[in-house]
Every structure is written in structure tokens, then in C-alpha cells.
>>> print(open('start_24.csv').read())   # CSV, C-alpha atoms
chain,number,residue,atom,x,y,z
A,27,MET,CA,3.0,17.9,44.5
A,28,LYS,CA,3.9,18.1,40.9
A,29,ARG,CA,0.8,19.7,39.3
A,30,TRP,CA,2.0,19.4,35.7
A,31,ILE,CA,1.9,15.6,35.9
A,32,MET,CA,-1.9,15.9,36.0
A,33,VAL,CA,-1.9,17.4,32.5
A,34,VAL,CA,-0.2,14.3,31.0
A,35,PRO,CA,-3.3,12.1,30.5
A,36,LEU,CA,-5.1,15.0,28.8
A,37,ALA,CA,-2.1,15.6,26.6
A,38,VAL,CA,-1.9,11.9,25.7
A,39,PHE,CA,-5.6,11.9,25.0
A,40,LEU,CA,-5.4,14.9,22.7
A,41,LEU,CA,-2.5,13.5,20.8
A,42,VAL,CA,-4.3,10.2,20.2
A,43,ALA,CA,-7.5,12.0,19.3
A,44,VAL,CA,-5.7,14.1,16.7
A,45,PHE,CA,-4.2,10.9,15.0
A,46,LEU,CA,-7.5,9.0,15.1
A,47,TYR,CA,-9.3,12.0,13.7
A,48,LYS,CA,-6.9,12.2,10.8
A,49,GLY,CA,-7.3,8.5,10.4
A,50,LEU,CA,-11.0,9.0,9.6
A,51,PHE,CA,-10.1,10.7,6.4
A,52,LEU,CA,-7.3,8.4,5.2
A,53,LYS,CA,-7.9,6.3,2.1
A,54,PRO,CA,-5.6,3.4,2.6
A,55,ASP,CA,-6.8,1.6,-0.5
A,56,GLU,CA,-5.5,4.5,-2.7
A,57,LEU,CA,-1.8,4.1,-3.0
A,58,PRO,CA,0.4,7.1,-4.0
A,59,SER,CA,1.7,6.3,-7.4
A,60,ALA,CA,5.4,5.7,-7.8
A,61,MET,CA,5.0,6.8,-11.4
A,62,ILE,CA,4.3,10.5,-10.9
A,63,GLY,CA,7.0,12.5,-12.7
A,64,LYS,CA,8.2,9.6,-14.7
A,65,PRO,CA,7.8,9.2,-18.4
A,66,PHE,CA,5.0,6.9,-19.7
A,67,PRO,CA,6.5,3.5,-19.9
A,68,ALA,CA,7.6,2.2,-23.3
A,69,PHE,CA,5.2,-0.2,-25.0
A,70,SER,CA,4.4,-1.6,-28.4
A,71,LEU,CA,0.9,-3.0,-28.5
A,72,ALA,CA,-1.8,-3.4,-31.1
A,73,SER,CA,-4.9,-1.3,-31.0
A,74,VAL,CA,-8.2,-2.8,-29.8
A,75,GLN,CA,-9.5,-2.4,-33.3
A,76,GLY,CA,-6.4,-4.3,-34.5
A,77,ASP,CA,-5.8,-1.9,-37.3
A,78,ARG,CA,-2.5,-0.5,-36.1
A,79,ASN,CA,0.4,-0.8,-33.7
A,80,LEU,CA,0.7,1.7,-30.9
A,81,THR,CA,3.8,2.9,-29.0
A,82,GLN,CA,4.4,5.5,-26.3
A,83,ALA,CA,5.4,7.9,-29.1
A,84,ASP,CA,1.7,8.0,-30.2
A,85,LEU,CA,0.8,9.6,-26.8
A,86,LEU,CA,3.1,12.6,-27.3
A,87,GLY,CA,2.1,16.1,-28.4
A,88,ARG,CA,-0.9,16.8,-26.3
A,89,PRO,CA,-1.8,16.4,-22.6
A,90,ALA,CA,-4.2,13.6,-22.2
A,91,LEU,CA,-6.0,11.3,-19.8
A,92,VAL,CA,-5.0,7.7,-20.0
A,93,ASN,CA,-7.9,5.5,-18.7
A,94,VAL,CA,-7.2,1.9,-17.7
A,95,TRP,CA,-10.4,-0.1,-18.1
A,96,GLY,CA,-11.8,-3.6,-18.8
A,97,THR,CA,-15.2,-5.0,-19.5
A,98,TRP,CA,-14.8,-7.2,-16.4
A,99,CYS,CA,-14.8,-4.1,-14.2
A,100,PRO,CA,-18.2,-2.8,-13.0
A,101,SER,CA,-16.8,0.6,-12.0
A,102,CYS,CA,-15.6,1.1,-15.5
A,103,LYS,CA,-19.2,0.8,-16.7
A,104,VAL,CA,-20.2,3.4,-14.2
A,105,GLU,CA,-17.6,6.0,-15.3
A,106,HIS,CA,-17.9,5.3,-19.1
A,107,PRO,CA,-20.8,7.7,-19.7
A,108,TYR,CA,-18.9,10.5,-18.0
A,109,LEU,CA,-15.8,9.8,-20.1
A,110,ASN,CA,-18.0,10.1,-23.2
A,111,GLN,CA,-19.1,13.4,-21.9
A,112,LEU,CA,-15.6,14.6,-21.4
A,113,ALA,CA,-14.5,13.4,-24.8
A,114,GLU,CA,-17.4,15.4,-26.3
A,115,GLN,CA,-16.1,18.5,-24.5
A,116,GLY,CA,-12.8,18.0,-26.3
A,117,VAL,CA,-10.7,16.4,-23.5
A,118,VAL,CA,-8.2,14.0,-25.0
A,119,ILE,CA,-8.6,10.5,-23.5
A,120,HIS,CA,-6.8,7.4,-24.4
A,121,GLY,CA,-7.9,4.0,-23.3
A,122,VAL,CA,-5.8,1.0,-22.1
A,123,ASN,CA,-8.0,-2.0,-22.4
A,124,TYR,CA,-6.4,-4.0,-19.5
A,125,LYS,CA,-6.4,-7.8,-19.3
A,126,ASP,CA,-9.6,-8.1,-21.2
A,127,ASP,CA,-11.2,-10.2,-23.9
A,128,ASN,CA,-10.7,-8.2,-27.1
A,129,GLY,CA,-14.1,-9.3,-28.6
A,130,ALA,CA,-15.9,-8.1,-25.4
A,131,ALA,CA,-14.0,-4.8,-25.5
A,132,LEU,CA,-15.0,-4.2,-29.2
A,133,LYS,CA,-18.6,-4.9,-28.4
A,134,TRP,CA,-18.5,-2.6,-25.4
A,135,LEU,CA,-17.0,0.3,-27.4
A,136,ALA,CA,-19.5,-0.2,-30.2
A,137,GLU,CA,-22.4,-0.4,-27.7
A,138,PHE,CA,-21.5,2.4,-25.2
A,139,HIS,CA,-19.7,4.7,-27.5
A,140,ASN,CA,-15.9,5.1,-27.7
A,141,PRO,CA,-14.5,8.1,-25.9
A,142,TYR,CA,-10.9,7.2,-26.6
A,143,GLN,CA,-8.6,8.6,-29.2
A,144,LEU,CA,-6.3,5.7,-29.0
A,145,ASP,CA,-7.3,2.2,-27.9
A,146,ILE,CA,-4.4,0.4,-26.5
A,147,ARG,CA,-4.9,-3.4,-26.3
A,148,ASP,CA,-3.1,-4.6,-23.2
A,149,GLU,CA,-4.4,-8.2,-23.1
A,150,GLN,CA,-1.5,-9.6,-21.1
A,151,GLY,CA,-1.5,-6.7,-18.6
A,152,THR,CA,2.2,-5.9,-19.4
A,153,LEU,CA,1.6,-2.2,-19.9
A,154,GLY,CA,-0.6,-2.2,-16.8
A,155,LEU,CA,2.2,-3.7,-14.8
A,156,ASP,CA,4.7,-1.1,-16.0
A,157,LEU,CA,2.2,1.6,-15.1
A,158,GLY,CA,1.8,0.1,-11.6
A,159,VAL,CA,-1.9,-0.5,-12.1
A,160,TYR,CA,-3.4,-2.7,-9.4
A,161,GLY,CA,-7.1,-2.5,-10.4
A,162,ALA,CA,-9.4,-0.7,-12.7
A,163,PRO,CA,-10.4,1.9,-13.4
A,164,GLU,CA,-7.3,4.0,-13.0
A,165,THR,CA,-6.8,7.2,-14.8
A,166,PHE,CA,-3.4,8.8,-15.5
A,167,LEU,CA,-2.8,12.4,-16.5
A,168,ILE,CA,0.1,12.8,-18.9
A,169,ASP,CA,1.6,16.0,-20.3
A,170,ALA,CA,2.5,16.8,-23.9
A,171,LYS,CA,5.9,15.3,-23.3
A,172,GLY,CA,4.4,12.0,-22.1
A,173,ILE,CA,5.4,12.5,-18.4
A,174,ILE,CA,2.9,11.1,-16.0
A,175,ARG,CA,1.7,14.0,-13.8
A,176,TYR,CA,-1.2,12.6,-11.8
A,177,LYS,CA,-3.0,9.4,-11.2
A,178,HIS,CA,-6.6,8.9,-10.0
A,179,VAL,CA,-7.7,5.5,-8.7
A,180,GLY,CA,-11.3,4.7,-9.0
A,181,ILE,CA,-14.2,6.2,-10.9
A,182,VAL,CA,-13.8,9.6,-12.7
A,183,ASP,CA,-17.1,11.5,-12.2
A,184,ALA,CA,-18.1,15.1,-12.3
A,185,SER,CA,-16.7,16.0,-8.9
A,186,VAL,CA,-13.4,14.1,-9.4
A,187,TRP,CA,-13.0,15.9,-12.7
A,188,ARG,CA,-14.0,19.3,-11.3
A,189,GLU,CA,-11.9,19.1,-8.1
A,190,GLN,CA,-8.9,17.1,-9.1
A,191,LEU,CA,-8.4,16.5,-12.8
A,192,ALA,CA,-9.7,19.6,-14.6
A,193,PRO,CA,-7.4,22.2,-13.0
A,194,LEU,CA,-4.4,20.0,-13.6
A,195,TYR,CA,-5.5,19.2,-17.2
A,196,GLN,CA,-6.1,22.8,-17.9
A,197,GLY,CA,-2.7,23.7,-16.5
A,198,LEU,CA,-1.0,21.2,-18.7
A,199,VAL,CA,-2.9,22.5,-21.8
A,200,ASP,CA,-1.8,26.0,-21.0
A,201,GLU,CA,1.8,24.7,-20.4
A,202,ALA,CA,1.8,23.0,-23.8
A,203,LYS,CA,0.8,26.2,-25.7
A,204,PRO,CA,3.8,27.9,-27.1
B,26,MET,CA,-29.1,-39.7,16.1
B,27,LYS,CA,-30.3,-37.1,13.7
B,28,ARG,CA,-28.7,-34.4,15.8
B,29,GLY,CA,-25.4,-36.3,15.6
B,30,LEU,CA,-25.6,-36.4,11.8
B,31,ALA,CA,-26.4,-32.7,11.6
B,32,ALA,CA,-23.5,-31.9,13.8
B,33,ALA,CA,-21.2,-34.1,11.7
B,34,VAL,CA,-22.3,-32.3,8.5
B,35,LEU,CA,-21.9,-28.9,10.1
B,36,GLY,CA,-18.5,-29.9,11.3
B,37,LEU,CA,-17.5,-31.1,7.9
B,38,ALA,CA,-18.8,-27.9,6.3
B,39,LEU,CA,-16.9,-25.7,8.8
B,40,GLY,CA,-13.8,-27.8,8.3
B,41,LEU,CA,-14.0,-27.4,4.5
B,42,GLY,CA,-14.6,-23.7,4.9
B,43,VAL,CA,-11.5,-23.3,7.1
B,44,ALA,CA,-9.5,-25.4,4.6
B,45,GLY,CA,-10.6,-23.1,1.8
B,46,VAL,CA,-9.5,-20.0,3.7
B,47,ALA,CA,-6.2,-21.5,4.8
B,48,ARG,CA,-5.2,-22.5,1.3
B,49,ALA,CA,-2.7,-20.1,-0.2
B,50,ALA,CA,-2.5,-19.3,-3.9
B,51,ILE,CA,-1.0,-22.2,-5.8
B,52,ASP,CA,0.9,-21.8,-9.0
B,53,THR,CA,2.8,-24.4,-10.9
B,54,TYR,CA,6.2,-23.1,-11.7
B,55,GLN,CA,9.2,-25.3,-12.6
B,56,PHE,CA,12.3,-24.0,-10.9
B,57,ARG,CA,15.8,-24.9,-11.9
B,58,ASP,CA,16.9,-25.8,-8.4
B,59,ASP,CA,16.0,-25.5,-4.8
B,60,ALA,CA,17.9,-22.3,-4.3
B,61,GLU,CA,15.8,-20.6,-7.0
B,62,ARG,CA,12.6,-21.9,-5.4
B,63,GLU,CA,13.6,-20.6,-2.0
B,64,ARG,CA,14.4,-17.2,-3.5
B,65,TYR,CA,11.0,-17.2,-5.1
B,66,GLN,CA,9.3,-18.1,-1.9
B,67,GLN,CA,11.2,-15.5,0.0
B,68,LEU,CA,10.5,-12.7,-2.5
B,69,THR,CA,6.8,-13.4,-2.7
B,70,LYS,CA,6.6,-13.3,1.1
B,71,GLU,CA,8.5,-10.0,1.3
B,72,LEU,CA,6.4,-8.2,-1.3
B,73,ARG,CA,3.0,-6.9,-0.4
B,74,CYS,CA,-0.1,-7.2,-2.7
B,75,PRO,CA,-1.1,-3.7,-3.8
B,76,LYS,CA,-4.7,-4.7,-4.1
B,77,CYS,CA,-5.4,-6.7,-1.0
B,78,GLN,CA,-3.2,-4.7,1.3
B,79,ASN,CA,-2.6,-6.9,4.2
B,80,GLN,CA,-1.5,-10.0,2.3
B,81,ASP,CA,1.9,-10.8,0.8
B,82,ILE,CA,1.7,-11.7,-2.9
B,83,ALA,CA,2.5,-15.4,-2.0
B,84,ASP,CA,-0.7,-15.5,-0.1
B,85,SER,CA,-3.1,-13.5,-2.2
B,86,ASN,CA,-5.5,-14.8,-4.8
B,87,ALA,CA,-5.9,-11.4,-6.4
B,88,PRO,CA,-5.2,-11.4,-10.2
B,89,ILE,CA,-2.6,-8.7,-9.7
B,90,ALA,CA,-0.7,-10.9,-7.2
B,91,ALA,CA,-0.7,-13.7,-9.7
B,92,ASP,CA,0.7,-11.3,-12.3
B,93,LEU,CA,3.4,-10.2,-9.9
B,94,ARG,CA,4.3,-13.8,-9.0
B,95,ARG,CA,4.6,-14.5,-12.7
B,96,GLU,CA,6.9,-11.5,-13.1
B,97,ILE,CA,9.1,-12.6,-10.3
B,98,PHE,CA,9.3,-16.1,-11.7
B,99,ARG,CA,10.2,-14.6,-15.1
B,100,MET,CA,12.9,-12.4,-13.6
B,101,LEU,CA,14.4,-15.2,-11.6
B,102,GLY,CA,14.6,-17.1,-14.9
B,103,GLU,CA,16.5,-14.2,-16.4
B,104,GLY,CA,19.0,-14.4,-13.6
B,105,LYS,CA,18.1,-11.1,-11.9
B,106,ASN,CA,19.2,-10.8,-8.3
B,107,ASN,CA,16.8,-10.1,-5.4
B,108,GLU,CA,17.6,-6.5,-5.3
B,109,GLN,CA,16.8,-5.9,-8.9
B,110,ILE,CA,13.5,-7.7,-8.6
B,111,VAL,CA,12.5,-5.7,-5.5
B,112,ASP,CA,13.6,-2.5,-7.3
B,113,PHE,CA,11.4,-3.4,-10.3
B,114,MET,CA,8.4,-3.7,-8.0
B,115,VAL,CA,9.2,-0.5,-6.1
B,116,ASP,CA,9.6,1.4,-9.3
B,117,ARG,CA,6.1,0.6,-10.3
B,118,TYR,CA,4.2,0.3,-7.0
B,119,GLY,CA,6.3,2.4,-4.6
B,120,ASP,CA,7.8,1.7,-1.3
B,121,PHE,CA,4.4,0.5,-0.2
B,122,VAL,CA,5.0,-3.0,-1.7
B,123,ARG,CA,7.9,-3.8,0.6
B,124,TYR,CA,7.2,-5.5,3.8
B,125,LYS,CA,10.8,-4.7,4.7
B,126,PRO,CA,11.1,-1.0,3.9
B,127,ALA,CA,14.5,0.2,2.7
B,128,LEU,CA,16.3,2.5,5.1
B,129,SER,CA,15.9,6.0,3.9
B,130,GLY,CA,15.2,9.5,5.2
B,131,ARG,CA,11.5,8.8,5.3
B,132,THR,CA,11.7,5.4,7.0
B,133,TRP,CA,14.4,5.9,9.6
B,134,LEU,CA,11.8,6.6,12.3
B,135,LEU,CA,10.1,3.3,11.4
B,136,TRP,CA,13.3,1.4,11.8
B,137,PHE,CA,14.8,3.1,14.8
B,138,GLY,CA,11.6,4.4,16.5
B,139,PRO,CA,11.1,1.3,18.7
B,140,GLY,CA,14.7,1.3,19.8
B,141,ILE,CA,14.6,5.0,20.6
B,142,LEU,CA,11.4,4.5,22.6
B,143,LEU,CA,13.0,1.5,24.5
B,144,ALA,CA,16.1,3.5,25.2
B,145,GLY,CA,14.0,6.4,26.4
B,146,GLY,CA,12.1,4.1,28.7
B,147,PHE,CA,15.4,2.9,30.2
B,148,VAL,CA,16.5,6.4,30.8
B,149,VAL,CA,13.3,7.3,32.6
B,150,LEU,CA,13.6,4.1,34.7
B,151,LEU,CA,17.2,4.9,35.6
B,152,VAL,CA,16.2,8.5,36.6
B,153,ILE,CA,13.4,7.2,38.8
B,154,VAL,CA,15.6,4.6,40.5
B,155,ARG,CA,18.4,7.1,41.1
B,156,ARG,CA,16.0,9.6,42.6
B,157,ARG,CA,14.5,7.0,44.9
B,158,ARG,CA,17.9,5.9,46.0
B,159,GLY,CA,19.0,9.4,46.5
B,160,ALA,CA,15.9,10.2,48.6
B,161,ALA,CA,16.5,7.0,50.7
B,162,ALA,CA,20.1,7.9,51.2
B,163,GLN,CA,19.2,11.4,52.3
B,164,GLY,CA,16.6,10.1,54.7
B,165,GLU,CA,19.4,8.0,56.5
B,166,HIS,CA,21.6,11.1,56.9
B,167,GLU,CA,18.7,13.1,58.4
B,168,LEU,CA,18.4,10.8,61.4
B,169,SER,CA,19.6,12.9,64.3
B,170,VAL,CA,21.5,11.6,67.3
B,171,ASP,CA,18.4,11.5,69.4
B,172,GLU,CA,16.6,9.6,66.8
B,173,ARG,CA,19.4,7.1,66.6
B,174,GLU,CA,19.3,6.5,70.3
B,175,ARG,CA,15.5,6.0,70.2
B,176,LEU,CA,16.0,3.6,67.4
B,177,ALA,CA,18.6,1.7,69.3
B,178,LYS,CA,16.3,1.5,72.3
B,179,LEU,CA,13.4,0.2,70.3
B,180,LEU,CA,15.6,-2.4,68.7
B,181,GLU,CA,16.9,-3.5,72.1
B,182,LYS,CA,13.3,-3.8,73.4
B,183,GLU,CA,12.4,-6.0,70.5
B,184,GLN,CA,15.4,-8.3,71.2
B,185,THR,CA,14.5,-8.6,74.9
B,186,HIS,CA,11.0,-9.6,73.9
B,187,ASP,CA,12.2,-12.5,71.8
>>> encode(input="start_24.csv", output="C-alpha cells")
Amino acid sequence: MKRWIMVVPLAVFLLVAVFLYKGLFLKPDELPSAMIGKPFPAFSLASVQGDRNLTQADLLGRPALVNVWGTWCPSCKVEHPYLNQLAEQGVVIHGVNYKDDNGAALKWLAEFHNPYQLDIRDEQGTLGLDLGVYGAPETFLIDAKGIIRYKHVGIVDASVWREQLAPLYQGLVDEAKP
Amino acid sequence: MKRGLAAAVLGLALGLGVAGVARAAIDTYQFRDDAERERYQQLTKELRCPKCQNQDIADSNAPIAADLRREIFRMLGEGKNNEQIVDFMVDRYGDFVRYKPALSGRTWLLWFGPGILLAGGFVVLLVIVRRRRGAAAQGEHELSVDERERLAKLLEKEQTHD
């Protein structure tokens, strides 16, 4: 009698259990970004305020968060106060107003405070497409040379900032210092 | 009577509901020729919507899928080939958007895994069959002379019974 064959069902069960257990913690709606390590895509768009034209060159020089948002996006409303808080702490944040009505965006920024240093107006969603954005909010972390280093899909709140973004941001700030 | 009417209304409502679900996203694009239309349809079926992940972008009503369809149409108009269009999407959204993943170091298991499993199954089957055959053949040889005689007698008996 082959005794080892009796262990096979247990082994199969354990294997399946390991995979299913791992599956509990997967987030299939968060895609790994294909943009990590690539330069921020080239663009030439007006600002939300309409007072100037912005290009990718304007993002260079300092590490920054680039937050993709829209007034049509309820989660953006949720994270907005926290972005204000970060901006007050001196974190550089740029905004990409993605596929939005510009009037509504202006009203929002006036009403809820504007945490963004640059307000990129991406009414057609072309920059969003080049960034591989598939919803909002999405937040990119770029270094001083304009290379995309990290992307967070969904709301940025205190725990996301503390656990994911802050260490990376601080690292980039240190890296940028001569 | 009333019941019949209610059933009819319910049926109609359900029918409309089903029709609503079954309807795919409809855009109005003017193609230059049928070949271009076919390529458009093929590409939008091969690319996956990043937002609603189990739909292709031809089927999805998500705004991002509409944007991607528009991009594909634009690129077809520019005369780009299928490979360039798919690369454009993969550059932005990653390998994830391809329903037909490219063959690479990361995807070879996906491509050849089923074949390897099937081949493995055949090998196991072959081994089992051979072993059984071997065992059966051995059994025959092990019949001793006495046993053969007994067998012959038994068979004879059977024949006389008939």
C-alpha cells in the first residue's frame, strides 16, 4: 500500500488554501501603473484659471504629487480637505482637472480652497489618457526630474500618506537636495 | 384577466430590462471602408476596459472606454497598424489591457501552462496503462504448470456443460 498517496488530498487542500488566502488581500481594481519609471508625458494645456499655458517643463525642479481630480468625482471631494492639509504642511501638489467643466472646477477651488500649485486644465482628458488614468482620484508622485515614481489609485488620506506616499516623497526630497 | 395584464406588463418590463443590459455601447463613427471597420471592431474586442475589468472596451459604457474607442478610431484614421495601436494602450495601461497577452517571460506560463498540464496528464495516463499491462503480463507468466492443467480442466468442464 502506498502510504504517501494519502497525503495528496491534504497537500492539494493546503495549496488551494494558500492561494485563496492570498486572494483575500488582492485588490484587482487597482492596476499596477505602466507609467512608473517613465517621464511625465508631454503636454501643453491651459491652466484652470486660464491665465497661462502649462507644459511638462513647469513640473520640473521639485518632487511633487500630481493629483487627478474632477468635480464630478465624489471621492475627490472626500480627499480634498486632506490635500489642503498636506499643502499647508508644504507638500508640493499639482492638480490635473480631468474631463471637467471648467466653471465648476473654478467654483470648487474657490469654495473648498486650492491646494494645488499648478492647475492643469485637461478638459478633453488627453493628458489623463497619456497618464493611463482610468478614474479619479489618482495621485502620481514625480521626482524633481519629472519621472513618475509612484501612483496611488483612490483617496489620499492620512494613512495612505503616512504609509505609502510620505516615505517616498521624503526620499525624493532628500534625493533632490544637492 | 387582471392577472394576465399584470403578467404582460411584467414580461414587457423584464424584456426591456434585458434589452437594456444586452445593448453594447454605440458610437457613430464613419469608417473609410469595411476593412477599417473590421479592424476597429477587432481591436475594441481585444482590449480590456481598465475601469470595468471584465468587459472589453467595445462592450463597456464607462467614459474611459468611450475615450479609448475614440483614440482607436483616431489612430486608425492616422493609418497606424494594429500593433502600434495596441502598443499605445499597453504603454499607458500596462499588459493588463490586452485580452491576448503578448508572449514574454512573464506570460509564458499563461500561454503554455495548459499544454504542459495536458502533456503531463498524458504522461501519467501512459505510465498507469503501462504498469497495468506489465502487471497483467506478469500475472500470465506466473501461472504454473499445475495451474494451467486446472484451468484446462475447468474450461473443458464448462464446454461439456454446454
>>> closest_residue(input="start_24.csv", among="B:Lys125, B:Lys76, B:Arg64, B:Arg57", to="chain A", atoms="all atoms listed in the file")
B:Lys76
>>> interface_residues(input="start_24.csv", of="chain B", to="chain A", cutoff="12 Å", atoms="only C-alpha atoms", output="compact mmCIF listing (two decimals) with C-alpha atoms, in the frame of the given file")
# COMPACT_ATOMS: atom_id res chain seq x y z
CA ARG B 73 3.00 -6.90 -0.40
CA CYS B 74 -0.10 -7.20 -2.70
CA PRO B 75 -1.10 -3.70 -3.80
CA LYS B 76 -4.70 -4.70 -4.10
CA CYS B 77 -5.40 -6.70 -1.00
CA GLN B 78 -3.20 -4.70 1.30
CA ASN B 79 -2.60 -6.90 4.20
CA ALA B 87 -5.90 -11.40 -6.40
CA PRO B 88 -5.20 -11.40 -10.20
CA ILE B 89 -2.60 -8.70 -9.70
CA ALA B 90 -0.70 -10.90 -7.20
CA ALA B 91 -0.70 -13.70 -9.70
CA ASP B 92 0.70 -11.30 -12.30
CA LEU B 93 3.40 -10.20 -9.90
CA ARG B 94 4.30 -13.80 -9.00
CA ARG B 95 4.60 -14.50 -12.70
CA GLU B 96 6.90 -11.50 -13.10
CA ASP B 112 13.60 -2.50 -7.30
CA PHE B 113 11.40 -3.40 -10.30
CA MET B 114 8.40 -3.70 -8.00
CA VAL B 115 9.20 -0.50 -6.10
CA ASP B 116 9.60 1.40 -9.30
CA ARG B 117 6.10 0.60 -10.30
CA TYR B 118 4.20 0.30 -7.00
CA GLY B 119 6.30 2.40 -4.60
CA ASP B 120 7.80 1.70 -1.30
CA PHE B 121 4.40 0.50 -0.20
CA VAL B 122 5.00 -3.00 -1.70
>>> closest_residue(input="start_24.csv", among="B:Ser129, B:Gln80, B:Asn107, B:Asn86", to="B:Tyr65", atoms="all atoms listed in the file")
B:Asn107
>>> atom_distance(input="start_24.csv", atom1="atom CA of A:Arg175", atom2="atom CA of A:Gly197")
11.0 Å
>>> atom_distance(input="start_24.csv", atom1="atom CA of A:Ser73", atom2="atom CA of A:Ala130")
14.1 Å
>>> atom_distance(input="start_24.csv", atom1="atom CA of B:Arg123", atom2="atom CA of A:Asp126")
28.3 Å
>>> closest_residue(input="start_24.csv", among="B:Leu180, B:Ala162, B:Ile110, B:Leu68", to="B:Ala83", atoms="only C-alpha atoms")
B:Leu68
>>> residues_around(input="start_24.csv", residues="A:Leu85", least_positions_apart="4", cutoff="12 Å", atoms="all atoms listed in the file", output="number ranges by chain")
A: 65-70, 80-81, 89-92, 118-122, 142-146, 167-174
>>> build_atoms(input="start_24.csv", residues="stretch 113-133 of chain A", atoms="N, CA and C atoms", output="tab-separated table (two decimals), keeping the file's coordinate frame")
chain	number	residue	atom	x	y	z
A	113	ALA	N	-15.06	13.50	-23.47
A	113	ALA	CA	-14.50	13.40	-24.80
A	113	ALA	C	-15.26	14.39	-25.73
A	114	GLU	N	-16.58	14.51	-25.52
A	114	GLU	CA	-17.40	15.40	-26.30
A	114	GLU	C	-16.95	16.88	-26.08
A	115	GLN	N	-16.54	17.15	-24.82
A	115	GLN	CA	-16.10	18.50	-24.50
A	115	GLN	C	-14.70	18.79	-25.07
A	116	GLY	N	-14.09	17.77	-25.66
A	116	GLY	CA	-12.80	18.00	-26.30
A	116	GLY	C	-11.60	17.55	-25.47
A	117	VAL	N	-11.85	16.88	-24.34
A	117	VAL	CA	-10.70	16.40	-23.50
A	117	VAL	C	-10.14	15.15	-24.24
A	118	VAL	N	-8.83	15.13	-24.34
A	118	VAL	CA	-8.20	14.00	-25.00
A	118	VAL	C	-8.07	12.84	-24.02
A	119	ILE	N	-8.68	11.73	-24.38
A	119	ILE	CA	-8.60	10.50	-23.50
A	119	ILE	C	-8.15	9.35	-24.35
A	120	HIS	N	-7.16	8.64	-23.80
A	120	HIS	CA	-6.80	7.40	-24.40
A	120	HIS	C	-7.17	6.25	-23.51
A	121	GLY	N	-7.45	5.11	-24.10
A	121	GLY	CA	-7.90	4.00	-23.30
A	121	GLY	C	-6.84	2.87	-23.33
A	122	VAL	N	-6.64	2.26	-22.15
A	122	VAL	CA	-5.80	1.00	-22.10
A	122	VAL	C	-6.79	-0.07	-21.70
A	123	ASN	N	-7.07	-0.94	-22.64
A	123	ASN	CA	-8.00	-2.00	-22.40
A	123	ASN	C	-7.14	-3.14	-21.67
A	124	TYR	N	-7.34	-3.23	-20.36
A	124	TYR	CA	-6.40	-4.00	-19.50
A	124	TYR	C	-6.92	-5.37	-19.19
A	125	LYS	N	-6.12	-6.36	-19.55
A	125	LYS	CA	-6.40	-7.80	-19.30
A	125	LYS	C	-7.86	-8.13	-19.61
A	126	ASP	N	-8.19	-7.90	-20.85
A	126	ASP	CA	-9.60	-8.10	-21.20
A	126	ASP	C	-9.68	-8.98	-22.46
A	127	ASP	N	-10.88	-9.45	-22.69
A	127	ASP	CA	-11.20	-10.20	-23.90
A	127	ASP	C	-11.42	-9.16	-25.01
A	128	ASN	N	-10.66	-9.25	-26.10
A	128	ASN	CA	-10.70	-8.20	-27.10
A	128	ASN	C	-12.10	-8.10	-27.77
A	129	GLY	N	-12.73	-9.26	-27.96
A	129	GLY	CA	-14.10	-9.30	-28.60
A	129	GLY	C	-15.06	-8.50	-27.68
A	130	ALA	N	-14.98	-8.76	-26.39
A	130	ALA	CA	-15.90	-8.10	-25.40
A	130	ALA	C	-15.62	-6.59	-25.44
A	131	ALA	N	-14.32	-6.22	-25.55
A	131	ALA	CA	-14.00	-4.80	-25.50
A	131	ALA	C	-14.54	-4.10	-26.77
A	132	LEU	N	-14.42	-4.75	-27.93
A	132	LEU	CA	-15.00	-4.20	-29.20
A	132	LEU	C	-16.46	-3.97	-29.07
A	133	LYS	N	-17.11	-4.98	-28.52
A	133	LYS	CA	-18.60	-4.90	-28.40
A	133	LYS	C	-18.96	-3.75	-27.47
